[in-house]
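Trainee: This is the content of target-v6.pdb (PDB, C-alpha atoms):
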```pdb
ATOM      1  CA  MET A  30     -15.975 171.501  49.075
ATOM      2  CA  ASN A  31     -12.941 173.203  47.535
ATOM      3  CA  HIS A  32     -12.014 169.950  45.797
ATOM      4  CA  GLN A  33     -15.457 169.726  44.169
ATOM      5  CA  PHE A  34     -15.310 173.386  43.139
ATOM      6  CA  PHE A  35     -11.927 172.960  41.446
ATOM      7  CA  ALA A  36     -13.127 169.744  39.793
ATOM      8  CA  PHE A  37     -16.153 171.587  38.401
ATOM      9  CA  LEU A  38     -13.959 174.486  37.267
ATOM     10  CA  LYS A  39     -11.680 172.018  35.498
ATOM     11  CA  ALA A  40     -14.675 170.472  33.744
ATOM     12  CA  LEU A  41     -15.876 173.961  32.746
ATOM     13  CA  LEU A  42     -12.514 174.866  31.234
ATOM     14  CA  GLY A  43     -12.441 171.512  29.471
ATOM     15  CA  SER A  44     -15.860 172.168  27.914
ATOM     16  CA  CYS A  45     -14.716 175.576  26.678
ATOM     17  CA  LYS A  46     -11.609 173.991  25.191
ATOM     18  CA  ASP A  47     -13.675 171.284  23.454
ATOM     19  CA  LEU A  48     -16.099 173.795  21.947
ATOM     20  CA  LEU A  49     -13.425 176.293  20.869
ATOM     21  CA  PRO A  50     -12.619 174.581  17.515
ATOM     22  CA  ILE A  51     -16.321 174.573  16.598
ATOM     23  CA  ILE A  52     -16.610 178.275  17.408
ATOM     24  CA  ILE A  53     -13.496 179.086  15.373
ATOM     25  CA  VAL A  54     -14.758 177.163  12.334
ATOM     26  CA  ILE A  55     -18.196 178.816  12.432
ATOM     27  CA  ALA A  56     -16.709 182.285  12.922
ATOM     28  CA  PHE A  57     -14.203 181.782  10.099
ATOM     29  CA  PHE A  58     -16.787 180.760   7.524
ATOM     30  CA  GLN A  59     -19.329 183.347   8.704
ATOM     31  CA  PHE A  60     -17.037 186.401   8.750
ATOM     32  CA  ILE A  61     -14.223 185.483   6.335
ATOM     33  CA  VAL A  62     -15.846 183.277   3.687
ATOM     34  CA  LEU A  63     -19.465 184.484   3.707
ATOM     35  CA  GLN A  64     -18.495 187.971   4.953
ATOM     36  CA  GLN A  65     -21.812 188.410   6.704
ATOM     37  CA  PRO A  66     -22.678 189.498  10.242
ATOM     38  CA  MET A  67     -23.824 186.837  12.667
ATOM     39  CA  PRO A  68     -27.661 186.835  12.823
ATOM     40  CA  ASN A  69     -29.286 187.015  16.273
ATOM     41  CA  ILE A  70     -25.914 187.357  17.970
ATOM     42  CA  GLY A  71     -27.531 187.777  21.397
ATOM     43  CA  ASP A  72     -29.469 184.506  21.165
ATOM     44  CA  ILE A  73     -26.404 182.710  19.840
ATOM     45  CA  LEU A  74     -24.243 183.881  22.751
ATOM     46  CA  VAL A  75     -26.880 182.862  25.293
ATOM     47  CA  GLY A  76     -27.240 179.488  23.599
ATOM     48  CA  LEU A  77     -23.471 179.045  23.566
ATOM     49  CA  VAL A  78     -23.283 179.718  27.305
ATOM     50  CA  LEU A  79     -26.053 177.177  27.912
ATOM     51  CA  VAL A  80     -24.252 174.600  25.778
ATOM     52  CA  VAL A  81     -21.021 175.105  27.729
ATOM     53  CA  LEU A  82     -22.825 174.808  31.060
ATOM     54  CA  GLY A  83     -24.845 171.797  29.912
ATOM     55  CA  LEU A  84     -21.763 169.977  28.633
ATOM     56  CA  THR A  85     -19.904 170.823  31.840
ATOM     57  CA  PHE A  86     -22.658 169.539  34.116
ATOM     58  CA  PHE A  87     -22.994 166.413  31.986
ATOM     59  CA  ILE A  88     -19.287 165.555  32.083
ATOM     60  CA  TYR A  89     -19.039 166.436  35.773
ATOM     61  CA  GLY A  90     -22.072 164.257  36.490
ATOM     62  CA  LEU A  91     -20.547 161.334  34.606
ATOM     63  CA  GLU A  92     -17.310 161.537  36.551
ATOM     64  CA  MET A  93     -19.085 162.069  39.861
ATOM     65  CA  GLY A  94     -21.964 159.598  39.595
ATOM     66  CA  LEU A  95     -22.452 157.357  36.572
ATOM     67  CA  PHE A  96     -18.926 156.038  36.093
ATOM     68  CA  PRO A  97     -18.379 155.158  39.784
ATOM     69  CA  ILE A  98     -21.779 153.513  40.236
ATOM     70  CA  GLY A  99     -21.415 151.495  37.028
ATOM     71  CA  GLU A 100     -17.992 150.201  38.028
ATOM     72  CA  SER A 101     -18.942 149.524  41.657
ATOM     73  CA  MET A 102     -22.095 147.587  40.734
ATOM     74  CA  ALA A 103     -20.222 145.493  38.170
ATOM     75  CA  GLN A 104     -17.554 144.654  40.748
ATOM     76  CA  ALA A 105     -20.201 143.854  43.373
ATOM     77  CA  PHE A 106     -22.013 141.448  41.035
ATOM     78  CA  ALA A 107     -18.708 139.804  40.088
ATOM     79  CA  LYS A 108     -17.794 139.293  43.744
ATOM     80  CA  LYS A 109     -21.275 137.953  44.455
ATOM     81  CA  GLY A 110     -20.530 135.173  41.977
ATOM     82  CA  SER A 111     -24.014 135.027  40.465
ATOM     83  CA  ILE A 112     -23.739 135.028  36.675
ATOM     84  CA  SER A 113     -27.505 135.000  36.228
ATOM     85  CA  TRP A 114     -27.971 138.206  38.235
ATOM     86  CA  LEU A 115     -25.023 139.811  36.476
ATOM     87  CA  LEU A 116     -26.465 139.018  33.050
ATOM     88  CA  THR A 117     -29.905 140.230  34.150
ATOM     89  CA  PHE A 118     -28.367 143.493  35.345
ATOM     90  CA  ALA A 119     -26.423 143.827  32.078
ATOM     91  CA  PHE A 120     -29.561 143.324  29.954
ATOM     92  CA  CYS A 121     -31.655 145.735  32.033
ATOM     93  CA  LEU A 122     -28.898 148.347  31.941
ATOM     94  CA  GLY A 123     -28.576 148.147  28.159
ATOM     95  CA  PHE A 124     -32.338 148.087  27.605
ATOM     96  CA  CYS A 125     -33.228 150.965  29.948
ATOM     97  CA  THR A 126     -30.420 153.307  28.917
ATOM     98  CA  THR A 127     -31.261 152.784  25.240
ATOM     99  CA  VAL A 128     -35.000 153.354  25.674
ATOM    100  CA  ALA A 129     -34.159 156.689  27.322
ATOM    101  CA  GLU A 130     -31.642 157.671  24.627
ATOM    102  CA  PRO A 131     -32.708 161.070  23.193
ATOM    103  CA  SER A 132     -31.124 160.418  19.800
ATOM    104  CA  LEU A 133     -33.023 157.143  19.426
ATOM    105  CA  ILE A 134     -36.313 158.841  20.329
ATOM    106  CA  ALA A 135     -35.653 161.481  17.662
ATOM    107  CA  VAL A 136     -34.720 158.934  14.982
ATOM    108  CA  ALA A 137     -37.719 156.717  15.777
ATOM    109  CA  LYS A 138     -40.087 159.697  15.544
ATOM    110  CA  GLU A 139     -38.596 160.837  12.246
ATOM    111  CA  ALA A 140     -38.668 157.284  10.869
ATOM    112  CA  ALA A 141     -42.379 157.033  11.668
ATOM    113  CA  ILE A 142     -43.083 160.264   9.763
ATOM    114  CA  VAL A 143     -41.100 159.051   6.763
ATOM    115  CA  ALA A 144     -42.801 155.642   6.930
ATOM    116  CA  VAL A 145     -46.154 157.400   6.517
ATOM    117  CA  SER A 146     -44.964 159.323   3.449
ATOM    118  CA  GLY A 147     -43.544 156.097   2.007
ATOM    119  CA  GLY A 148     -46.816 154.247   2.465
ATOM    120  CA  ILE A 149     -45.331 151.734   4.901
ATOM    121  CA  ILE A 150     -47.829 152.582   7.664
ATOM    122  CA  SER A 151     -51.147 154.398   7.707
ATOM    123  CA  ASN A 152     -51.305 158.123   8.350
ATOM    124  CA  THR A 153     -52.696 158.000  11.884
ATOM    125  CA  ILE A 154     -51.225 159.024  15.221
ATOM    126  CA  GLU A 155     -51.730 155.502  16.560
ATOM    127  CA  SER A 156     -49.820 153.926  13.653
ATOM    128  CA  GLN A 157     -46.933 156.381  13.944
ATOM    129  CA  LEU A 158     -46.745 155.914  17.713
ATOM    130  CA  SER A 159     -46.859 152.139  17.379
ATOM    131  CA  TYR A 160     -44.146 152.153  14.703
ATOM    132  CA  ALA A 161     -41.869 154.502  16.668
ATOM    133  CA  ASN A 162     -42.318 152.597  19.934
ATOM    134  CA  GLY A 163     -41.766 149.278  18.178
ATOM    135  CA  LEU A 164     -38.540 150.593  16.691
ATOM    136  CA  ARG A 165     -37.349 151.930  20.059
ATOM    137  CA  LEU A 166     -38.146 148.705  21.890
ATOM    138  CA  THR A 167     -36.477 146.633  19.187
ATOM    139  CA  VAL A 168     -33.282 148.661  19.400
ATOM    140  CA  ALA A 169     -33.383 148.623  23.203
ATOM    141  CA  PHE A 170     -33.823 144.844  23.270
ATOM    142  CA  ALA A 171     -30.952 144.502  20.794
ATOM    143  CA  VAL A 172     -28.644 146.596  22.966
ATOM    144  CA  GLY A 173     -29.632 144.636  26.068
ATOM    145  CA  PHE A 174     -28.846 141.420  24.216
ATOM    146  CA  ALA A 175     -25.547 142.893  23.019
ATOM    147  CA  ILE A 176     -24.459 143.849  26.535
ATOM    148  CA  VAL A 177     -25.231 140.313  27.717
ATOM    149  CA  ILE A 178     -23.007 138.914  24.941
ATOM    150  CA  GLY A 179     -20.293 141.424  25.837
ATOM    151  CA  VAL A 180     -20.422 140.508  29.526
ATOM    152  CA  LEU A 181     -20.221 136.809  28.676
ATOM    153  CA  ARG A 182     -17.200 137.584  26.507
ATOM    154  CA  ILE A 183     -15.454 139.240  29.458
ATOM    155  CA  ILE A 184     -16.323 136.369  31.795
ATOM    156  CA  ARG A 185     -15.327 133.591  29.390
ATOM    157  CA  GLY A 186     -12.435 135.396  27.744
ATOM    158  CA  TRP A 187     -13.751 135.037  24.191
ATOM    159  CA  PRO A 188     -11.766 136.876  21.467
ATOM    160  CA  ILE A 189     -13.702 139.985  20.509
ATOM    161  CA  GLN A 190     -12.562 140.043  16.870
ATOM    162  CA  TYR A 191     -14.313 136.789  15.979
ATOM    163  CA  LEU A 192     -17.587 137.916  17.537
ATOM    164  CA  ILE A 193     -17.471 141.272  15.752
ATOM    165  CA  LEU A 194     -16.561 139.746  12.381
ATOM    166  CA  GLY A 195     -19.295 137.136  12.746
ATOM    167  CA  GLY A 196     -21.802 139.820  13.637
ATOM    168  CA  TYR A 197     -21.018 141.918  10.578
ATOM    169  CA  VAL A 198     -21.265 138.849   8.356
ATOM    170  CA  VAL A 199     -24.808 138.443   9.698
ATOM    171  CA  VAL A 200     -25.465 142.165   9.022
ATOM    172  CA  VAL A 201     -24.381 141.766   5.375
ATOM    173  CA  LEU A 202     -26.516 138.660   4.927
ATOM    174  CA  MET A 203     -29.516 140.377   6.541
ATOM    175  CA  THR A 204     -29.046 143.368   4.245
ATOM    176  CA  MET A 205     -29.568 141.095   1.227
ATOM    177  CA  VAL A 206     -32.964 139.851   2.415
ATOM    178  CA  ALA A 207     -34.376 142.756   4.464
ATOM    179  CA  PRO A 208     -36.819 145.265   2.912
ATOM    180  CA  SER A 209     -34.930 148.102   1.252
ATOM    181  CA  TRP A 210     -36.810 150.784   3.197
ATOM    182  CA  ILE A 211     -35.633 149.469   6.596
ATOM    183  CA  ILE A 212     -31.924 149.067   5.783
ATOM    184  CA  GLY A 213     -30.972 152.730   6.191
ATOM    185  CA  ILE A 214     -32.944 152.999   9.432
ATOM    186  CA  ALA A 215     -31.283 149.822  10.715
ATOM    187  CA  TYR A 216     -27.793 151.137  10.000
ATOM    188  CA  ASP A 217     -28.582 154.464  11.674
ATOM    189  CA  SER A 218     -30.038 152.650  14.675
ATOM    190  CA  GLY A 219     -26.638 151.136  15.294
ATOM    191  CA  GLY A 220     -25.158 154.611  15.572
ATOM    192  CA  VAL A 221     -27.739 156.353  17.738
ATOM    193  CA  THR A 222     -27.390 153.758  20.498
ATOM    194  CA  THR A 223     -23.819 154.894  21.191
ATOM    195  CA  SER A 224     -24.699 158.300  22.576
ATOM    196  CA  THR A 225     -24.902 160.326  25.766
ATOM    197  CA  ILE A 226     -26.635 157.947  28.173
ATOM    198  CA  THR A 227     -25.698 154.466  26.990
ATOM    199  CA  VAL A 228     -21.951 154.858  26.473
ATOM    200  CA  PRO A 229     -20.886 156.038  29.962
ATOM    201  CA  LEU A 230     -22.772 153.370  31.894
ATOM    202  CA  VAL A 231     -21.926 150.512  29.536
ATOM    203  CA  THR A 232     -18.249 151.482  29.464
ATOM    204  CA  ALA A 233     -18.165 151.680  33.255
ATOM    205  CA  LEU A 234     -19.823 148.256  33.440
ATOM    206  CA  GLY A 235     -17.190 146.653  31.199
ATOM    207  CA  VAL A 236     -14.211 148.247  32.924
ATOM    208  CA  GLY A 237     -15.549 147.477  36.395
ATOM    209  CA  LEU A 238     -16.301 143.871  35.518
ATOM    210  CA  ALA A 239     -12.896 143.282  33.922
ATOM    211  CA  SER A 240     -11.227 144.825  36.975
ATOM    212  CA  ALA A 241     -13.076 142.492  39.341
ATOM    213  CA  ILE A 242     -12.468 139.221  37.493
ATOM    214  CA  LYS A 243      -9.123 137.571  38.103
ATOM    215  CA  GLY A 244      -7.086 137.136  34.944
ATOM    216  CA  ARG A 245      -8.872 139.889  33.015
ATOM    217  CA  ASN A 246      -7.170 143.101  31.892
ATOM    218  CA  PRO A 247      -9.418 146.197  32.096
ATOM    219  CA  MET A 248      -7.616 147.733  29.109
ATOM    220  CA  ILE A 249      -7.921 144.638  26.917
ATOM    221  CA  ASP A 250     -11.147 143.068  28.170
ATOM    222  CA  GLY A 251     -12.976 146.032  29.692
ATOM    223  CA  PHE A 252     -13.715 147.784  26.414
ATOM    224  CA  GLY A 253     -15.653 146.501  23.420
ATOM    225  CA  LEU A 254     -19.190 146.473  24.805
ATOM    226  CA  ILE A 255     -20.068 149.553  22.757
ATOM    227  CA  ALA A 256     -19.085 147.702  19.576
ATOM    228  CA  PHE A 257     -21.688 145.042  20.340
ATOM    229  CA  ALA A 258     -24.226 147.726  21.242
ATOM    230  CA  SER A 259     -23.859 149.324  17.809
ATOM    231  CA  LEU A 260     -23.838 146.002  15.941
ATOM    232  CA  THR A 261     -26.875 144.064  17.130
ATOM    233  CA  PRO A 262     -29.466 146.857  16.568
ATOM    234  CA  MET A 263     -28.773 146.684  12.836
ATOM    235  CA  ILE A 264     -29.673 142.992  12.804
ATOM    236  CA  PHE A 265     -32.718 143.327  15.042
ATOM    237  CA  VAL A 266     -34.142 146.363  13.217
ATOM    238  CA  MET A 267     -33.890 144.586   9.862
ATOM    239  CA  ILE A 268     -35.742 141.644  11.404
ATOM    240  CA  TYR A 269     -38.314 144.145  12.715
ATOM    241  CA  GLY A 270     -38.745 145.517   9.182
ATOM    242  CA  MET A 271     -39.246 142.026   7.799
ATOM    243  CA  VAL A 272     -41.885 141.271  10.432
ATOM    244  CA  ILE A 273     -43.989 144.405   9.950
ATOM    245  CA  SER A 274     -43.755 144.064   6.163
TER     246      SER A 274
END
```
Before we go any further, please render this structure as structure tokens.
Mentor:
Amino acid sequence: MNHQFFAFLKALLGSCKDLLPIIIVIAFFQFIVLQQPMPNIGDILVGLVLVVLGLTFFIYGLEMGLFPIGESMAQAFAKKGSISWLLTFAFCLGFCTTVAEPSLIAVAKEAAIVAVSGGIISNTIESQLSYANGLRLTVAFAVGFAIVIGVLRIIRGWPIQYLILGGYVVVVLMTMVAPSWIIGIAYDSGGVTTSTITVPLVTALGVGLASAIKGRNPMIDGFGLIAFASLTPMIFVMIYGMVIS
């Protein structure tokens, strides 16, 4: 019990330390540059406390639950020796974590609103919902596919640089033929997939798998899955834009 309390206290102090530079920057520009009092100081302080607590609980939860379960499941699948089940788990993990990604939900919703104003889709709730859900599912499928490729790379020992370079060559070629209105959304989709939910579990999967496979180095082979997860959505979303056009 005392160990968990001190671990939580350490995470709390770490969150305060991480947020301190942001607070200093905001305070400097507000009081020194703008020379204005902070509006709604009470609400800001309450919100700041909630942010610190939320970040603390999130980091503590990652260290306590998500990282260990991701690594242990990857090691268990590797020891089981079933590549098909391992790849199925990898795809489902990438797909499900991405579908639940808050940043992707926000971007998909905003993209649907902008698509209406740009005349890409009709101005109905059904059209906006269909567009947003299609975008989310496309990105989620792309991330699931990317994690499968990344797991195969770890298993087979493929050099990551050639896969990444080849992927970005495809991105450049797709950019030349995709509709102009989908390109920006596609590039942003690659970024929003590497956020709060996807990154911890995918990283734990890669490190755990590399640790369980003989001849693999967790430092060299365990990382790199996130690079695939941010690459393939750009390709798939541009294909999605070409299809709905």
Trainee: For the structure provided, state which residues fall under the PyMOL selection byres ((chain A and resi 42) around 12), and present them as a list in words.
Mentor: Phe35, Ala36, Phe37, Leu38, Lys39, Ala40, Leu41, Gly43, Ser44, Cys45, Lys46, Asp47, Leu48, Leu49, Val81, Leu82, Leu84, Thr85, Phe86, Ile88 and Tyr89 of chain A
Trainee: What would the file look like if the residues just selected were written as an mmCIF file, in the frame of the given file with C-alpha atoms?
Mentor:
```cif
data_model
loop_
_atom_site.group_PDB
_atom_site.id
_atom_site.type_symbol
_atom_site.label_atom_id
_atom_site.label_comp_id
_atom_site.auth_asym_id
_atom_site.auth_seq_id
_atom_site.Cartn_x
_atom_site.Cartn_y
_atom_site.Cartn_z
ATOM 1 C CA PHE A 35 -11.927 172.960 41.446
ATOM 2 C CA ALA A 36 -13.127 169.744 39.793
ATOM 3 C CA PHE A 37 -16.153 171.587 38.401
ATOM 4 C CA LEU A 38 -13.959 174.486 37.267
ATOM 5 C CA LYS A 39 -11.680 172.018 35.498
ATOM 6 C CA ALA A 40 -14.675 170.472 33.744
ATOM 7 C CA LEU A 41 -15.876 173.961 32.746
ATOM 8 C CA GLY A 43 -12.441 171.512 29.471
ATOM 9 C CA SER A 44 -15.860 172.168 27.914
ATOM 10 C CA CYS A 45 -14.716 175.576 26.678
ATOM 11 C CA LYS A 46 -11.609 173.991 25.191
ATOM 12 C CA ASP A 47 -13.675 171.284 23.454
ATOM 13 C CA LEU A 48 -16.099 173.795 21.947
ATOM 14 C CA LEU A 49 -13.425 176.293 20.869
ATOM 15 C CA VAL A 81 -21.021 175.105 27.729
ATOM 16 C CA LEU A 82 -22.825 174.808 31.060
ATOM 17 C CA LEU A 84 -21.763 169.977 28.633
ATOM 18 C CA THR A 85 -19.904 170.823 31.840
ATOM 19 C CA PHE A 86 -22.658 169.539 34.116
ATOM 20 C CA ILE A 88 -19.287 165.555 32.083
ATOM 21 C CA TYR A 89 -19.039 166.436 35.773
#
```
Trainee: Excluding Glu139 of chain A and residues on its chain fewer than 6 positions from it, collect all residues at most 10 Å away from it, counting only C-alpha atoms, and give them as a list of chain:residue names.
Mentor: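 With the cut-off at 10 Å, the set is A:Leu133, A:Gln157, A:Ala161.
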Trainee: Please compute the atom CA of Cys121 of chain A-atom CA of Phe170 of chain A distance, one decimal, in Å.
Mentor: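 Separation between atom CA of Cys121 of chain A and atom CA of Phe170 of chain A: 9.1 Å.
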Trainee: Atom CA of Glu130 of chain A and atom CA of Thr153 of chain A, how far apart in Å?
Mentor: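 One can read the atom CA of Thr153 of chain A to atom CA of Glu130 of chain A distance as 24.6 Å.
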Trainee: Just how far from atom CA of Val206 of chain A is atom CA of Ile150 of chain A, in Å to one decimal?
Mentor: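 Atom CA of Val206 of chain A lies 20.3 Å from atom CA of Ile150 of chain A.
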Trainee: Taking the file above as input, evaluate the PyMOL selection byres ((chain A and resi 269) around 10) and report the hits as an NGL selection string.
Mentor: :A and (163-164 or 167-168 or 207-208 or 211 or 215 or 263-268 or 270-274)
Trainee: Under the PyMOL selection byres ((chain A and resi 138) around 12), which residues of this model are included? Write them out as a PyMOL selection string.
Mentor: chain A and resi 131-137+139-145+154+156-165+214
Trainee: Which residue, A:Ala233, A:Thr204, A:Leu238, A:Ile193, has the smallest gap to Leu260 of chain A when you use all atoms listed in the file?
Mentor: A:Ile193
Trainee: Using only C-alpha atoms, which protein or nucleic acid residues come within 9 Å of segment 244-257 of chain A? Drop anything in the same chain fewer than 3 positions from it, and give the result as an MDAnalysis selection string.
Mentor: chainID A and resid 172 174:176 178:180 182:184 186 189 192:193 196 222:223 227:228 231:241 260:262
Trainee: Build an axis-aligned box that encloses every atom of segment 135-142 of chain A listed in the file, pad it by 5 Å on each side, and report its centre and edge lengths in Å to one decimal, as AutoDock Vina command-line options.
Mentor:
```
--center_x -38.9 --center_y 159.1 --center_z 13.7 --size_x 18.4 --size_y 14.8 --size_z 17.9
```
Trainee: If you count all atoms listed in the file, which residues fall within 10 Å of Phe118 of chain A, apart from same-chain ones fewer than 6 positions away, as a PyMOL selection string?
Mentor: chain A and resi 102-103+106+112+124+173+176-177+234
Trainee: Hey, which of A:Tyr216, A:Trp187, A:Phe87, A:Phe120 ends up closest to Ala169 of chain A? Count all atoms listed in the file.
Mentor: A:Phe120
